[in-house]
Amino acid sequence: MRGAAATITATFTDQDGEPANASGTVTVRVQNALGTDVLASGSSTTTGTVGEYRRALTAAQTADLDVLTATWTDGGDASTTVTVHEIAGAVYFTAAEARAADKAIDAKWTQAEVIAARRDVEDEFESICGVAFVPRYARARCSGRGTRQILLPDPKPRRLRSVWVYTDATTYTALTNAELAACHLDESGTITRTDGNWFPDGVENIVVEYEHGWDRPPAEIRRYAIKRLRQVLTESTSAVPSRATSFQVGDSGVFRLATAGKYSTGDPDIDGALARWSMRAPGIA
């Protein structure tokens with residue numbers, strides 16, 4: 001969460017991919033999406049779990065929406081492990097809110113399990129709908145067309161943080177604060193220059209750093225996200241085989257099961273809600 005103290009972790013593994021303790025002191029360096037140090041290389045501590053190490057970040061170090069890259073180095077053999085950590089503006093709901101809204105999400109599942117499942121649901125909903133339901137950070141390469149407009153890969157842009165226009169692989173010009181302020185952001189993800197200038201023609205010649213997404217999830221999305229959370233948590237305990245497309249209960253007949261697709265969960269109620277709030281570009285099935 002933006003502006004909250006956090007602890008990041010990494011797990012070192014052996015040649016078979018199994019957790020294994022480092023052979024020496026583990027240090028970690030944390031950089032933001034632009035490669036600037038958020039945390040200079042410093043020592044980490046073990047969590048008590050084999051191969052797992054952690055490092056605390058302060059609220060000041062998580063003050064901005066960003067994607068952090070942490071490089072963990074084993075001082076014994078110089079091997080490294082890289083982890084990526086997103087700083088988001090909000091979550092869909094807290095674990096306590098999920099338990100209060102659905103009594104089936106009980107103490108059987110730990111706090112960590114509920115939070116991990118919530119992250120899966122957030123990723124799934126945003127992949128299906130093509131829009132972030134909480135504020136997120138992104139950095140994208142866009143192609144100019146010699147017009148006043150370029151299109152971002154994400155709808156609902158909230159804020160332009162920087163724009164670099166490249167003339168070759170290493171030469172670029174950054175838009176000034178006044179030029180950034182003169183860029184109009186459309187909900188579709190279109191950036192339009194209103195200062196009389198244009199984006200030069202090129203292939204991925206413009207790098208844009210921006211924030212996007214809803215302030216908070218619509219109530220319907222939040223409600224169905226909690227329902228989907230329960231499905232994710234209980235999937236392994238279902239009496240119906242995971243590969244079944246139908247099942248029969250006694251003499252009651254055969255029941256057909258809805259199945260998940262590329263842009264659907266398989267639950268008609270949830271998929272109906274996602275369809276209503278989708279911002280996926282037309283023509284993308």
# chains A, B, ... in the order shown; residues from 1 in each chain; ligands from 1
call {"tool": "residues_around", "arguments": {"residues": "Glu18 (chain A)", "least_positions_apart": "3", "cutoff": "12 Å", "atoms": "only C-alpha atoms", "output": "PyMOL selection string"}}
result
chain A and resi 11-15+21+50-52
call {"tool": "residues_around", "arguments": {"residues": "Asp77 (chain A)", "least_positions_apart": "3", "cutoff": "10 Å", "atoms": "only C-alpha atoms", "output": "list in words"}}
result
Ala22, Ser23, Gly24, Thr25, Thr73, Asp74 and Thr80 of chain A
call {"tool": "closest_residue", "arguments": {"among": "A:Ala4, A:Leu34, A:Val82, A:Ala40", "to": "Ala59 (chain A)", "atoms": "only C-alpha atoms"}}
result
A:Ala4
call {"tool": "atom_distance", "arguments": {"atom1": "CA of Asp195 (chain A)", "atom2": "CA of Ile150 (chain A)"}}
result
14.6 Å
call {"tool": "residues_around", "arguments": {"residues": "region 129-131 of chain A", "least_positions_apart": "3", "cutoff": "10 Å", "atoms": "only C-alpha atoms", "output": "list in words"}}
result
Glu124, Phe125, Glu126, Val134, Pro153, Asp154, Pro155, Lys156, Pro157, His212, Gly213, Trp214, Tyr263, Ser264, Asp271, Ala273, Leu274, Ala275, Arg276, Trp277, Ser278, Met279, Arg280 and Ala281 of chain A
call {"tool": "residues_around", "arguments": {"residues": "Gly35 (chain A)", "least_positions_apart": "6", "cutoff": "12 Å", "atoms": "only C-alpha atoms", "output": "number ranges by chain"}}
result
A: 29, 66-71
call {"tool": "select_by_dssp", "arguments": {"residues": "region 22-127 of chain A", "states": "helix (DSSP H, G or I)", "output": "list in words"}}
result
Ala60, Gln61, Thr62, Ala95, Ala96, Glu97, Ala98, Arg99, Ala100, Ala101, Gln111, Ala112, Glu113, Val114, Ile115, Ala116, Ala117, Arg118, Arg119, Asp120, Val121, Glu122, Asp123, Glu124, Phe125, Glu126 and Ser127 of chain A
call {"tool": "residues_around", "arguments": {"residues": "Thr170 (chain A)", "least_positions_apart": "5", "cutoff": "12 Å", "atoms": "only C-alpha atoms", "output": "count of residues only"}}
result
3
call {"tool": "atom_distance", "arguments": {"atom1": "CA of Val207 (chain A)", "atom2": "CA of Val163 (chain A)"}}
result
5.7 Å
